[in-house]
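Since the structure comes first, as structure tokens, the remarks are kept for the end.
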Amino acid sequence: MASKDPDAEQKQQILDWVGEVIGEKIERKEPFEKVLKDGVILCKLINKMVPGHVKKINTKGGNFALMENLAAFQKGMRAYGVPEDELFQPVDLFEARNVKAVVKSLAALARIALNKGFAGPAFGPKMSTENKREFSEELLREGRDGHIGLQAGSNKGATQAGINMGKPRSIND
């Protein structure tokens, strides 16, 4: 029995978003990690978000040249503001070692793009913003000295005194 990939839907949504941002249709014949493995699509993505960041995209060449694409993309994500703990390592994608980390990184990039006001298509939740509040001294005093309602933990004097649950413990020497 083949197990269904729990991240399959999110992977498809990410590929849809990447395709919309770069303005190209992304082939879905191969798995997510194979589609992005060479880093060409990812370099195009970061160039749309940070124009001119990746100067040379290697479309041909050995593994080293293709890994350079992934390293350049990762550098672009850092420059764009993706936190270090949400970045994937190039080998995570290239050798399909940790595809979940790749999904997490791309979702983080989309979230940060949305928060920065990226003009392209949006994907994922919008990050929260500061909601600073100012309270008057009177309102603070009223909250501090106010009456504590029953939802604050009162049990109206009920205790567990006299409750026996099960048999008493028997210790035999």
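Going by the structure tokens order, chains are called A, B, ..., each with residues numbered from 1, while ligands are numbered from 1 in the order shown.
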### Message
Can you pull out the residues contacting Val91 (chain A)? Cut-off 12 Å, using only C-alpha atoms, and skip same-chain residues under 4 positions away; I want them as a PyMOL selection string.
### Response
chain A and resi 33+37-39+63-64+66-71+74+87+95-99+101-102
Let's have the selection written as a compact mmCIF listing (two decimals), in the first residue's frame, with N, CA, C and O atoms.
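The resulting file, result.txt, is shown below:
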```txt
# COMPACT_ATOMS: atom_id res chain seq x y z
N GLU A 33 10.38 17.74 -5.92
CA GLU A 33 11.83 17.90 -5.76
C GLU A 33 12.59 17.78 -7.07
O GLU A 33 13.63 18.42 -7.26
N LYS A 37 14.91 20.72 -8.68
CA LYS A 37 16.25 20.23 -8.37
C LYS A 37 17.38 21.07 -8.96
O LYS A 37 18.36 21.37 -8.27
N ASP A 38 17.27 21.47 -10.21
CA ASP A 38 18.39 22.17 -10.86
C ASP A 38 18.50 23.64 -10.44
O ASP A 38 19.49 24.30 -10.72
N GLY A 39 17.48 24.16 -9.75
CA GLY A 39 17.54 25.52 -9.23
C GLY A 39 17.22 26.61 -10.24
O GLY A 39 17.18 27.78 -9.86
N ASN A 63 26.72 18.54 -11.67
CA ASN A 63 26.03 18.75 -10.39
C ASN A 63 26.52 20.02 -9.69
O ASN A 63 25.73 20.73 -9.08
N PHE A 64 27.81 20.30 -9.78
CA PHE A 64 28.35 21.47 -9.11
C PHE A 64 27.71 22.75 -9.63
O PHE A 64 27.34 23.64 -8.85
N LEU A 66 24.79 23.13 -11.03
CA LEU A 66 23.39 23.19 -10.63
C LEU A 66 23.25 23.50 -9.14
O LEU A 66 22.31 24.18 -8.72
N MET A 67 24.20 22.98 -8.34
CA MET A 67 24.19 23.29 -6.91
C MET A 67 24.47 24.78 -6.68
O MET A 67 23.98 25.36 -5.70
N GLU A 68 25.25 25.39 -7.57
CA GLU A 68 25.50 26.83 -7.48
C GLU A 68 24.19 27.61 -7.61
O GLU A 68 24.02 28.64 -6.95
N ASN A 69 23.28 27.15 -8.46
CA ASN A 69 21.97 27.79 -8.58
C ASN A 69 21.25 27.78 -7.24
O ASN A 69 20.67 28.79 -6.82
N LEU A 70 21.25 26.62 -6.58
CA LEU A 70 20.56 26.51 -5.30
C LEU A 70 21.22 27.39 -4.24
O LEU A 70 20.53 28.02 -3.43
N ALA A 71 22.55 27.45 -4.25
CA ALA A 71 23.26 28.31 -3.30
C ALA A 71 22.94 29.79 -3.57
O ALA A 71 22.76 30.57 -2.62
N GLN A 74 19.48 30.44 -2.27
CA GLN A 74 19.50 30.51 -0.81
C GLN A 74 20.04 31.87 -0.35
O GLN A 74 19.51 32.48 0.58
N LEU A 87 15.53 28.41 6.34
CA LEU A 87 16.22 28.15 5.08
C LEU A 87 16.55 26.66 4.95
O LEU A 87 16.85 26.00 5.94
N GLU A 95 19.59 16.46 -3.43
CA GLU A 95 19.59 15.01 -3.21
C GLU A 95 18.28 14.53 -2.58
O GLU A 95 18.18 13.38 -2.17
N ALA A 96 17.29 15.40 -2.50
CA ALA A 96 15.98 15.10 -1.93
C ALA A 96 16.10 14.51 -0.53
O ALA A 96 15.37 13.61 -0.15
N ARG A 97 17.02 15.05 0.27
CA ARG A 97 17.23 14.57 1.63
C ARG A 97 16.16 15.07 2.59
O ARG A 97 15.74 14.35 3.48
N ASN A 98 15.77 16.34 2.43
CA ASN A 98 14.82 16.93 3.36
C ASN A 98 13.87 17.85 2.59
O ASN A 98 13.99 19.07 2.63
N VAL A 99 12.93 17.25 1.89
CA VAL A 99 12.01 18.01 1.04
C VAL A 99 11.08 18.87 1.90
O VAL A 99 10.68 19.96 1.49
N ALA A 101 11.90 20.59 4.47
CA ALA A 101 12.61 21.85 4.72
C ALA A 101 12.49 22.78 3.51
O ALA A 101 12.38 23.99 3.67
N VAL A 102 12.49 22.21 2.32
CA VAL A 102 12.35 23.01 1.09
C VAL A 102 10.95 23.63 1.04
O VAL A 102 10.80 24.82 0.75
```
### Who sits within 9 Å of region 52-55 of chain A, only C-alpha atoms, same chain under 4 positions skipped, as a ChimeraX atom specification
/A:43-44,46-48,69,72-73,75-76
### Polymer residues at most 12 Å from Gln10 (chain A), only C-alpha atoms, same-chain spacing of 2 or more positions, as an MDAnalysis selection string
chainID A and resid 5:8 12:17 32 99:100 102:104 106:107 123:124
### Task
Pick out the residues sitting within 7 Å of region 82-85 of chain A, and hand them over as JSON, numbers by chain; count only C-alpha atoms, and ignore anything fewer than 3 positions along from it in its own chain.
{"A": [77, 78, 108, 109, 112]}
Can you write out the residues you just picked, keeping N, CA and C atoms, as a short mmCIF file (atom, residue, chain, number, x, y, z; two decimals), in the first residue's frame?
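File produced: again34.cif:
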```cif
data_model
loop_
_atom_site.label_atom_id
_atom_site.label_comp_id
_atom_site.auth_asym_id
_atom_site.auth_seq_id
_atom_site.Cartn_x
_atom_site.Cartn_y
_atom_site.Cartn_z
N MET A 77 17.35 34.38 -0.76
CA MET A 77 16.33 34.30 0.29
C MET A 77 16.81 35.00 1.56
N ARG A 78 18.09 34.83 1.88
CA ARG A 78 18.66 35.53 3.04
C ARG A 78 18.54 37.05 2.83
N ALA A 108 7.88 30.13 3.65
CA ALA A 108 8.38 31.30 4.40
C ALA A 108 8.67 32.46 3.44
N LEU A 109 9.27 32.15 2.30
CA LEU A 109 9.55 33.18 1.30
C LEU A 109 8.25 33.83 0.83
N ILE A 112 6.85 36.07 3.65
CA ILE A 112 7.61 37.31 3.82
C ILE A 112 7.36 38.24 2.64
#
```
### Task
State, in Å with one decimal place, the distance from CA of Tyr80 (chain A) to CA of Thr59 (chain A).
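Computing the Euclidean distance for CA of Tyr80 (chain A) and CA of Thr59 (chain A) yields 23.3 Å.
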### Message
I'd like to know which of A:Ile57, A:Met49, A:Met165, A:Ile41 is closest to Gly120 (chain A), using only C-alpha atoms.
### Response
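Comparing A:Ile57, A:Met49, A:Met165, A:Ile41 against Gly120 (chain A), the winner is A:Met49.
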### Task
Quick one: pick out all helix (DSSP H, G or I) residues within chain A from a backbone DSSP run and write them as a ChimeraX atom specification.
/A:8-22,32-36,40-49,63-80,84-86,90-94,99-115,137-145,150-152
### Task
Measuring atom to atom with only C-alpha atoms, identify which of A:Ala65, A:Ile26, A:Val18, A:Leu140 is nearest to Leu42 (chain A).
A:Val18
### Task
Please indicate the distance in Å from CA of Ala119 (chain A) to CA of Val21 (chain A), rounded to one decimal place.
9.5 Å
### Query
Could you state the separation of CA of Glu20 (chain A) and CA of Ala79 (chain A) in Å, given to one decimal place?
21.6 Å
